[in-house]
Each structure stands twice: as structure tokens, then as C-alpha cells.
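Structure below is protein-v8.pdb: PDB, C-alpha atoms, pLDDT in the B column.
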ATOM      1  CA  MET A   1     -12.705  89.471  19.584  1.00 75.00           C
ATOM      2  CA  GLY A   2     -15.465  87.618  17.783  1.00 90.00           C
ATOM      3  CA  TYR A   3     -19.232  87.276  17.636  1.00 94.00           C
ATOM      4  CA  ILE A   4     -20.657  84.310  19.546  1.00 94.00           C
ATOM      5  CA  TYR A   5     -23.610  82.112  18.586  1.00 97.00           C
ATOM      6  CA  LYS A   6     -25.108  79.084  20.318  1.00 97.00           C
ATOM      7  CA  VAL A   7     -27.636  76.350  19.657  1.00 98.00           C
ATOM      8  CA  ALA A   8     -29.151  74.328  22.510  1.00 97.00           C
ATOM      9  CA  VAL A   9     -30.255  70.893  21.291  1.00 98.00           C
ATOM     10  CA  PRO A  10     -32.300  68.422  23.372  1.00 97.00           C
ATOM     11  CA  GLN A  11     -29.825  65.823  24.591  1.00 94.00           C
ATOM     12  CA  GLY A  12     -31.843  62.968  23.118  1.00 95.00           C
ATOM     13  CA  ARG A  13     -31.692  64.538  19.661  1.00 97.00           C
ATOM     14  CA  TRP A  14     -27.992  65.423  19.573  1.00 98.00           C
ATOM     15  CA  PRO A  15     -26.798  64.095  16.186  1.00 97.00           C
ATOM     16  CA  THR A  16     -23.958  61.907  15.065  1.00 97.00           C
ATOM     17  CA  ALA A  17     -21.314  63.517  12.899  1.00 95.00           C
ATOM     18  CA  ARG A  18     -22.702  61.675   9.875  1.00 95.00           C
ATOM     19  CA  ALA A  19     -26.274  62.828  10.560  1.00 96.00           C
ATOM     20  CA  LEU A  20     -25.268  66.453  11.048  1.00 96.00           C
ATOM     21  CA  ASP A  21     -23.150  66.472   7.908  1.00 95.00           C
ATOM     22  CA  ALA A  22     -26.062  65.019   5.932  1.00 95.00           C
ATOM     23  CA  ALA A  23     -28.402  67.693   7.308  1.00 96.00           C
ATOM     24  CA  ILE A  24     -26.268  70.616   6.125  1.00 95.00           C
ATOM     25  CA  GLU A  25     -27.648  72.293   3.017  1.00 90.00           C
ATOM     26  CA  ARG A  26     -25.406  71.236   0.145  1.00 88.00           C
ATOM     27  CA  SER A  27     -25.751  74.715  -1.351  1.00 87.00           C
ATOM     28  CA  ALA A  28     -23.757  76.031   1.624  1.00 89.00           C
ATOM     29  CA  GLY A  29     -20.633  74.310   0.327  1.00 94.00           C
ATOM     30  CA  VAL A  30     -19.814  73.095   3.854  1.00 96.00           C
ATOM     31  CA  ARG A  31     -18.875  69.568   4.923  1.00 95.00           C
ATOM     32  CA  ILE A  32     -17.747  68.263   8.311  1.00 95.00           C
ATOM     33  CA  LEU A  33     -14.356  66.549   8.330  1.00 91.00           C
ATOM     34  CA  VAL A  34     -14.577  63.348  10.346  1.00 87.00           C
ATOM     35  CA  ARG A  35     -12.858  59.972  10.183  1.00 85.00           C
ATOM     36  CA  SER A  36     -15.033  57.269   8.668  1.00 87.00           C
ATOM     37  CA  ASP A  37     -14.662  55.072  11.760  1.00 90.00           C
ATOM     38  CA  ARG A  38     -16.038  57.895  13.923  1.00 90.00           C
ATOM     39  CA  ALA A  39     -18.811  59.150  11.665  1.00 92.00           C
ATOM     40  CA  ASP A  40     -21.490  57.353  13.671  1.00 95.00           C
ATOM     41  CA  ASN A  41     -20.248  58.678  17.006  1.00 95.00           C
ATOM     42  CA  ALA A  42     -21.903  61.695  18.574  1.00 96.00           C
ATOM     43  CA  PHE A  43     -20.866  64.889  16.836  1.00 96.00           C
ATOM     44  CA  GLY A  44     -18.239  66.756  18.820  1.00 94.00           C
ATOM     45  CA  THR A  45     -15.632  69.473  18.530  1.00 95.00           C
ATOM     46  CA  ALA A  46     -11.934  68.921  19.212  1.00 93.00           C
ATOM     47  CA  PRO A  47     -10.460  69.294  22.725  1.00 93.00           C
ATOM     48  CA  ASP A  48      -8.792  72.547  21.636  1.00 94.00           C
ATOM     49  CA  GLU A  49     -12.261  74.003  20.897  1.00 94.00           C
ATOM     50  CA  SER A  50     -12.029  73.783  17.135  1.00 95.00           C
ATOM     51  CA  LEU A  51     -13.942  72.087  14.348  1.00 96.00           C
ATOM     52  CA  ALA A  52     -12.374  70.964  11.070  1.00 95.00           C
ATOM     53  CA  VAL A  53     -14.582  71.449   8.024  1.00 96.00           C
ATOM     54  CA  LEU A  54     -14.390  71.796   4.273  1.00 96.00           C
ATOM     55  CA  VAL A  55     -15.623  75.012   2.685  1.00 96.00           C
ATOM     56  CA  ASP A  56     -15.873  74.733  -1.090  1.00 95.00           C
ATOM     57  CA  ASP A  57     -13.586  71.674  -0.779  1.00 93.00           C
ATOM     58  CA  CYS A  58     -10.884  73.647   1.066  1.00 95.00           C
ATOM     59  CA  PRO A  59      -9.980  72.967   4.735  1.00 96.00           C
ATOM     60  CA  HIS A  60     -11.081  75.488   7.334  1.00 96.00           C
ATOM     61  CA  ILE A  61     -10.970  75.542  11.140  1.00 97.00           C
ATOM     62  CA  LEU A  62     -13.905  77.002  13.059  1.00 96.00           C
ATOM     63  CA  ASP A  63     -13.557  78.247  16.639  1.00 97.00           C
ATOM     64  CA  SER A  64     -16.248  76.191  18.373  1.00 97.00           C
ATOM     65  CA  ARG A  65     -17.047  73.852  21.229  1.00 96.00           C
ATOM     66  CA  ASP A  66     -19.868  71.652  22.437  1.00 96.00           C
ATOM     67  CA  TYR A  67     -20.918  70.661  25.935  1.00 95.00           C
ATOM     68  CA  VAL A  68     -23.832  69.356  27.947  1.00 94.00           C
ATOM     69  CA  PHE A  69     -25.288  72.251  29.912  1.00 94.00           C
ATOM     70  CA  ASP A  70     -24.934  71.859  33.680  1.00 92.00           C
ATOM     71  CA  ALA A  71     -26.691  74.469  35.801  1.00 87.00           C
ATOM     72  CA  ASP A  72     -24.239  73.820  38.647  1.00 87.00           C
ATOM     73  CA  GLU A  73     -21.276  74.636  36.405  1.00 87.00           C
ATOM     74  CA  ASP A  74     -22.660  77.628  34.519  1.00 84.00           C
ATOM     75  CA  LEU A  75     -19.372  79.495  34.865  1.00 73.00           C
ATOM     76  CA  PHE A  76     -20.217  82.144  32.274  1.00 76.00           C
ATOM     77  CA  GLU A  77     -23.726  82.730  33.646  1.00 88.00           C
ATOM     78  CA  LEU A  78     -25.369  81.779  30.375  1.00 92.00           C
ATOM     79  CA  ARG A  79     -28.788  81.547  32.013  1.00 92.00           C
ATOM     80  CA  ASP A  80     -28.548  85.099  33.354  1.00 93.00           C
ATOM     81  CA  ILE A  81     -27.414  86.450  29.991  1.00 92.00           C
ATOM     82  CA  MET A  82     -30.262  84.657  28.236  1.00 94.00           C
ATOM     83  CA  ARG A  83     -32.759  85.908  30.815  1.00 93.00           C
ATOM     84  CA  ASP A  84     -31.538  89.492  30.391  1.00 93.00           C
ATOM     85  CA  ALA A  85     -31.971  89.141  26.625  1.00 93.00           C
ATOM     86  CA  GLY A  86     -35.508  87.792  26.960  1.00 94.00           C
ATOM     87  CA  MET A  87     -34.540  84.320  25.749  1.00 96.00           C
ATOM     88  CA  ASP A  88     -36.185  81.086  26.898  1.00 95.00           C
ATOM     89  CA  ILE A  89     -33.871  79.654  29.568  1.00 94.00           C
ATOM     90  CA  ALA A  90     -35.998  76.490  29.773  1.00 95.00           C
ATOM     91  CA  GLN A  91     -34.338  75.481  26.493  1.00 96.00           C
ATOM     92  CA  LEU A  92     -31.122  74.826  28.441  1.00 95.00           C
ATOM     93  CA  GLU A  93     -32.642  72.100  30.599  1.00 92.00           C
ATOM     94  CA  GLY A  94     -30.780  68.911  29.711  1.00 90.00           C
ATOM     95  CA  ALA A  95     -29.483  70.477  26.500  1.00 96.00           C
ATOM     96  CA  HIS A  96     -26.360  69.735  24.520  1.00 97.00           C
ATOM     97  CA  VAL A  97     -24.980  73.119  23.476  1.00 97.00           C
ATOM     98  CA  PHE A  98     -23.036  73.975  20.335  1.00 97.00           C
ATOM     99  CA  SER A  99     -21.144  77.262  20.598  1.00 96.00           C
ATOM    100  CA  THR A 100     -19.186  78.978  17.849  1.00 97.00           C
ATOM    101  CA  THR A 101     -17.381  82.260  17.340  1.00 96.00           C
ATOM    102  CA  ALA A 102     -17.115  84.048  13.997  1.00 96.00           C
ATOM    103  CA  TYR A 103     -14.291  86.432  13.164  1.00 95.00           C
ATOM    104  CA  ARG A 104     -13.229  88.388  10.079  1.00 92.00           C
ATOM    105  CA  ASP A 105     -13.002  85.381   7.738  1.00 96.00           C
ATOM    106  CA  GLU A 106     -16.161  85.078   5.624  1.00 96.00           C
ATOM    107  CA  ARG A 107     -15.938  81.290   5.900  1.00 96.00           C
ATOM    108  CA  ASP A 108     -16.543  81.473   9.663  1.00 97.00           C
ATOM    109  CA  TRP A 109     -19.968  82.967   9.042  1.00 97.00           C
ATOM    110  CA  ARG A 110     -20.862  80.504   6.292  1.00 96.00           C
ATOM    111  CA  VAL A 111     -19.955  77.494   8.409  1.00 97.00           C
ATOM    112  CA  ALA A 112     -21.646  78.860  11.532  1.00 97.00           C
ATOM    113  CA  GLY A 113     -24.826  79.532   9.583  1.00 97.00           C
ATOM    114  CA  ALA A 114     -24.859  76.112   7.920  1.00 97.00           C
ATOM    115  CA  LEU A 115     -24.326  74.245  11.196  1.00 97.00           C
ATOM    116  CA  MET A 116     -26.825  76.279  13.191  1.00 98.00           C
ATOM    117  CA  LYS A 117     -29.569  75.956  10.585  1.00 97.00           C
ATOM    118  CA  ALA A 118     -29.071  72.186  10.476  1.00 97.00           C
ATOM    119  CA  LEU A 119     -29.119  71.848  14.274  1.00 98.00           C
ATOM    120  CA  VAL A 120     -32.274  73.948  14.560  1.00 98.00           C
ATOM    121  CA  ARG A 121     -34.242  72.574  11.621  1.00 97.00           C
ATOM    122  CA  GLU A 122     -33.353  68.903  11.819  1.00 97.00           C
ATOM    123  CA  PHE A 123     -32.585  68.296  15.499  1.00 98.00           C
ATOM    124  CA  GLY A 124     -34.931  70.592  17.403  1.00 97.00           C
ATOM    125  CA  GLY A 125     -32.318  73.162  18.382  1.00 98.00           C
ATOM    126  CA  TYR A 126     -32.906  76.579  19.907  1.00 98.00           C
ATOM    127  CA  GLY A 127     -30.607  79.113  18.245  1.00 98.00           C
ATOM    128  CA  MET A 128     -29.184  82.195  19.955  1.00 97.00           C
ATOM    129  CA  ASP A 129     -27.571  85.327  18.514  1.00 95.00           C
ATOM    130  CA  PHE A 130     -25.942  87.343  21.299  1.00 91.00           C
ATOM    131  CA  GLN A 131     -25.314  90.363  19.089  1.00 89.00           C
ATOM    132  CA  THR A 132     -28.972  91.127  18.398  1.00 91.00           C
ATOM    133  CA  ASN A 133     -30.216  89.227  21.465  1.00 92.00           C
ATOM    134  CA  THR A 134     -32.572  87.229  19.273  1.00 95.00           C
ATOM    135  CA  ALA A 135     -33.309  83.536  19.623  1.00 97.00           C
ATOM    136  CA  GLY A 136     -35.750  80.929  18.412  1.00 97.00           C
ATOM    137  CA  THR A 137     -36.352  77.833  16.368  1.00 97.00           C
ATOM    138  CA  LEU A 138     -37.602  77.475  12.788  1.00 97.00           C
ATOM    139  CA  ASP A 139     -38.476  81.128  12.140  1.00 96.00           C
ATOM    140  CA  TRP A 140     -35.130  82.140  13.629  1.00 96.00           C
ATOM    141  CA  ALA A 141     -33.306  79.732  11.317  1.00 96.00           C
ATOM    142  CA  ASP A 142     -35.224  81.027   8.297  1.00 96.00           C
ATOM    143  CA  GLY A 143     -33.912  84.538   8.931  1.00 96.00           C
ATOM    144  CA  LEU A 144     -30.400  83.459   9.880  1.00 96.00           C
ATOM    145  CA  ASP A 145     -28.643  84.245   6.590  1.00 95.00           C
ATOM    146  CA  GLU A 146     -29.848  87.846   6.641  1.00 95.00           C
ATOM    147  CA  MET A 147     -29.028  88.201  10.326  1.00 95.00           C
ATOM    148  CA  LEU A 148     -25.497  86.831   9.941  1.00 96.00           C
ATOM    149  CA  ALA A 149     -24.825  89.099   6.967  1.00 95.00           C
ATOM    150  CA  ALA A 150     -25.844  92.111   9.044  1.00 95.00           C
ATOM    151  CA  ASP A 151     -23.822  90.868  12.021  1.00 95.00           C
ATOM    152  CA  ARG A 152     -20.724  90.437   9.870  1.00 95.00           C
ATOM    153  CA  ASN A 153     -21.069  93.922   8.413  1.00 94.00           C
ATOM    154  CA  ALA A 154     -21.376  95.336  11.928  1.00 92.00           C
ATOM    155  CA  TYR A 155     -18.380  93.268  13.068  1.00 92.00           C
ATOM    156  CA  LEU A 156     -16.195  94.483  10.202  1.00 93.00           C
ATOM    157  CA  ALA A 157     -17.272  98.062  10.862  1.00 91.00           C
ATOM    158  CA  LEU A 158     -16.372  97.650  14.538  1.00 88.00           C
ATOM    159  CA  GLU A 159     -12.958  96.255  13.626  1.00 86.00           C
ATOM    160  CA  ALA A 160     -12.353  99.187  11.295  1.00 86.00           C
ATOM    161  CA  ASP A 161     -13.335 101.585  14.075  1.00 82.00           C
ATOM    162  CA  ILE A 162     -10.965  99.880  16.504  1.00 79.00           C
ATOM    163  CA  GLU A 163      -8.110 100.121  14.011  1.00 77.00           C
ATOM    164  CA  SER A 164      -8.674 103.850  13.660  1.00 76.00           C
ATOM    165  CA  ARG A 165      -9.311 104.443  17.371  1.00 70.00           C
ATOM    166  CA  GLN A 166      -5.840 105.802  18.051  1.00 56.00           C
ATOM    167  CA  GLN A 167      -6.343 108.508  15.473  1.00 61.00           C
ATOM    168  CA  GLU A 168      -9.843 109.376  16.667  1.00 63.00           C
ATOM    169  CA  ASN A 169      -9.108 108.852  20.377  1.00 65.00           C
ATOM    170  CA  VAL A 170     -12.495 107.135  20.812  1.00 64.00           C
ATOM    171  CA  SER A 171     -13.051 104.777  23.754  1.00 70.00           C
ATOM    172  CA  GLU A 172     -13.769 101.089  23.223  1.00 70.00           C
ATOM    173  CA  HIS A 173     -17.081 101.530  25.044  1.00 74.00           C
ATOM    174  CA  GLU A 174     -18.110 104.140  22.486  1.00 74.00           C
ATOM    175  CA  LEU A 175     -17.092 101.858  19.614  1.00 72.00           C
ATOM    176  CA  ARG A 176     -19.187  99.027  21.015  1.00 75.00           C
ATOM    177  CA  ARG A 177     -22.120 101.412  21.468  1.00 77.00           C
ATOM    178  CA  ARG A 178     -21.821 102.374  17.805  1.00 75.00           C
ATOM    179  CA  ALA A 179     -21.870  98.715  16.765  1.00 75.00           C
ATOM    180  CA  PHE A 180     -25.025  98.062  18.805  1.00 75.00           C
ATOM    181  CA  ASP A 181     -26.631 101.214  17.393  1.00 77.00           C
ATOM    182  CA  ARG A 182     -25.940  99.870  13.914  1.00 71.00           C
ATOM    183  CA  LEU A 183     -27.480  96.496  14.776  1.00 71.00           C
ATOM    184  CA  SER A 184     -30.482  98.293  16.273  1.00 74.00           C
ATOM    185  CA  GLU A 185     -30.984 100.130  12.996  1.00 72.00           C
ATOM    186  CA  LEU A 186     -30.764  96.892  11.023  1.00 67.00           C
ATOM    187  CA  PHE A 187     -33.090  94.891  13.265  1.00 66.00           C
ATOM    188  CA  GLY A 188     -35.507  97.532  14.503  1.00 61.00           C
ATOM    189  CA  ASN A 189     -34.425  97.414  18.164  1.00 54.00           C
ATOM    190  CA  ARG A 190     -35.381  93.760  18.553  1.00 52.00           C
ATOM    191  CA  GLY A 191     -33.963  93.275  22.001  1.00 49.00           C
ATOM    192  CA  VAL A 192     -30.552  94.844  21.400  1.00 46.00           C
ATOM    193  CA  VAL A 193     -28.995  95.933  24.673  1.00 46.00           C
ATOM    194  CA  PRO A 194     -26.510  98.805  24.099  1.00 41.00           C
ATOM    195  CA  GLY A 195     -23.205  98.545  25.892  1.00 41.00           C
ATOM    196  CA  ARG A 196     -23.375  94.820  26.618  1.00 44.00           C
ATOM    197  CA  ARG A 197     -21.152  92.305  24.867  1.00 43.00           C
ATOM    198  CA  HIS A 198     -21.198  88.558  25.306  1.00 44.00           C
ATOM    199  CA  THR A 199     -17.659  87.603  24.365  1.00 44.00           C
ATOM    200  CA  ASP A 200     -17.148  85.114  27.200  1.00 48.00           C
ATOM    201  CA  ILE A 201     -20.244  82.928  27.187  1.00 52.00           C
TER     202      ILE A 201
END
What does the file become when written as C-alpha cells?
Amino acid sequence: MGYIYKVAVPQGRWPTARALDAAIERSAGVRILVRSDRADNAFGTAPDESLAVLVDDCPHILDSRDYVFDADEDLFELRDIMRDAGMDIAQLEGAHVFSTTAYRDERDWRVAGALMKALVREFGGYGMDFQTNTAGTLDWADGLDEMLAADRNAYLALEADIESRQQENVSEHELRRRAFDRLSELFGNRGVVPGRRHTDI
């Protein structure tokens, strides 16, 4: 189980690996690992849906993928999920989508944040957080660090609840409701939909 984030970038502005790496804030301590002879190719994740990066000069693998959105092959009903969350589905038209999943490791959240901010700020991306059901462009990116910190705290709390579920005999639905209640408290009910998880989009 992980928390999923996406950025829809206009196809004509999808960056090369070199351009995206250059756009990442150096203070994030994140660099994209790419062969020099492929640095000027379009940025892309590996076929096994992973992305190799450096975090503070140490290798790390991020669970991620990229694809060109095709309305006829929207297997996970991304448009419907976005519509339910009040997001702008027009942003998907002809978009190249970057999708990533963050887990317990703190580096997942750092890398996800660094990549998403770069894609939004420098390449016209539309960012989406399916935990708080918030989305947007520059203002969204400006608040991303705070949002990811809150998401990670909620994720770790949910994991802790799951680990103790056998002792408490609490259903998974109830645990997820608690996590959404916590996010609602943190974000003032900004579009959070209790009971709905987007783990397969």
C-alpha cells in the first residue's frame, strides 16, 4: 500500500531527462540517474515502473511510471476519479502523465516532491494528490512540501494502525476512515472524500 501522486504535463512540454534533472531544486538533494548518451532523450521511467535517482548522493529506486494519457485506454478510470474529486479533467487532454507512489521510506516523499514541483513549475504540469483530493499548478506546487509532510504522517499513522489491527480487531475500512479524518483535520476538509482510496490509478 502506498500513496499515489500524478502530474499531467502537456505533451509538447514533456522534458528530456537532462532538462528535468536541471529543473530540480538542488536543495532537495535529488538527482536523476541517466546515461549520458540518453540524457537528451525524453524523460522516462523504466519498463518495470521504477526510476533510479540519487538522494544525497546515495542510490534510491522510486516506484513510478510515465505514459501518454489515452481516453480509450483509461483502464483505471482516472477521469472519473478526478471528476469525483473536483479536479480539472481537461488537463488530461493530450497529456503525458508522471505517476509515483510513496511508501514508508522518507526518500520516496523527497524524490516525489522534487520531481512534481519541477514538472509543475518548469513544464506546465498539473499536479494531483489523491489523498487530499487537491490538484493545481503553481499554488499547488508552492504548498507541496507541507502537504507531503502531512500525507506522510497520515500514512505512517495508518500503517501503525494496520499493524495493531489484530489486537484492536478494527476493520480496514475503519482504519482508512481514520486516515481520511486525520487528513481532513490537517487540510480543513478541502475535498477529502472519506472511505475512498485511489491505490490503483
Return as AutoDock Vina command-line options the box centre and box size in Å, one decimal, for an axis-aligned box around all listed atoms of region 20-26 of chain A padded by 5 Å per side.
--center_x -25.8 --center_y 68.7 --center_z 5.6 --size_x 15.3 --size_y 17.3 --size_z 20.9
Legend entry - Thr100 (chain A) environment, 8 Å, only C-alpha atoms, sequence neighbours closer than 5 positions dropped, as number ranges by chain: A: 4-6, 62-65, 112
Contacts of region 77-152 of chain A with region 19-40 of chain A up to 12 Å, shortest pair per row, only C-alpha atoms, as JSON lines:
{"residue": "A:Arg107", "atom": "CA", "partner": "A:Val30", "partner_atom": "CA", "distance": 9.3}
{"residue": "A:Asp108", "atom": "CA", "partner": "A:Val30", "partner_atom": "CA", "distance": 10.7}
{"residue": "A:Trp109", "atom": "CA", "partner": "A:Ala28", "partner_atom": "CA", "distance": 10.8}
{"residue": "A:Arg110", "atom": "CA", "partner": "A:Ala28", "partner_atom": "CA", "distance": 7.1}
{"residue": "A:Val111", "atom": "CA", "partner": "A:Val30", "partner_atom": "CA", "distance": 6.3}
{"residue": "A:Ala112", "atom": "CA", "partner": "A:Val30", "partner_atom": "CA", "distance": 9.8}
{"residue": "A:Gly113", "atom": "CA", "partner": "A:Ala28", "partner_atom": "CA", "distance": 8.8}
{"residue": "A:Ala114", "atom": "CA", "partner": "A:Ile24", "partner_atom": "CA", "distance": 6.0}
{"residue": "A:Leu115", "atom": "CA", "partner": "A:Ile24", "partner_atom": "CA", "distance": 6.5}
{"residue": "A:Met116", "atom": "CA", "partner": "A:Ile24", "partner_atom": "CA", "distance": 9.1}
{"residue": "A:Lys117", "atom": "CA", "partner": "A:Ile24", "partner_atom": "CA", "distance": 7.7}
{"residue": "A:Ala118", "atom": "CA", "partner": "A:Ile24", "partner_atom": "CA", "distance": 5.4}
{"residue": "A:Leu119", "atom": "CA", "partner": "A:Leu20", "partner_atom": "CA", "distance": 7.4}
{"residue": "A:Val120", "atom": "CA", "partner": "A:Ala23", "partner_atom": "CA", "distance": 10.3}
{"residue": "A:Arg121", "atom": "CA", "partner": "A:Ala23", "partner_atom": "CA", "distance": 8.7}
{"residue": "A:Glu122", "atom": "CA", "partner": "A:Ala23", "partner_atom": "CA", "distance": 6.8}
{"residue": "A:Phe123", "atom": "CA", "partner": "A:Leu20", "partner_atom": "CA", "distance": 8.8}
{"residue": "A:Asp145", "atom": "CA", "partner": "A:Ala28", "partner_atom": "CA", "distance": 10.8}
Legend entry - Atomic separation - CA of Arg104 (chain A) relative to CA of Leu92 (chain A), Å: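 CA of Arg104 (chain A) lies at a distance of 29.0 Å from CA of Leu92 (chain A).
Interatomic distance, CA of Ala95 (chain A) against CA of Pro10 (chain A): 4.7 Å.
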Inset, instruction - Within 12 Å of Ala157 (chain A), counting only C-alpha atoms, which residues show up once you throw out same-chain ones fewer than 2 positions away? Write them as a PyMOL selection string, please. - result: chain A and resi 104+150-155+159-164+175-176+178-183
Inset, instruction - Report the distance between CA of Gln11 (chain A) and CA of Gly94 (chain A) in Å, rounded to one decimal place. - result: 6.1 Å
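The nearest approach to Ala71 (chain A) among the residues A:Ala17, A:Leu144, A:Ile89, A:Val7, with all atoms listed in the file taken into account, belongs to A:Ile89.
Distances to Val55 (chain A) were evaluated for A:Asp129, A:Glu174, A:Asp105, A:Glu146 using only C-alpha atoms, and the minimum falls at A:Asp105.
In terms of minimum interatomic distance to Leu51 (chain A), A:Thr101 ranks closest within A:Asp80, A:His96, A:Trp14, A:Thr101, counting only C-alpha atoms.
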Inset, instruction - Choose the residue, out of A:Val68, A:Leu148, A:Ala85, A:Leu138, that has the smallest atom-to-atom separation from Ala102 (chain A); count only C-alpha atoms. - result: A:Leu148
Legend entry - Residue with smallest distance to Gly86 (chain A) - pool A:Thr132, A:Ala141, A:Leu158, A:Ser184, counting only C-alpha atoms: A:Thr132
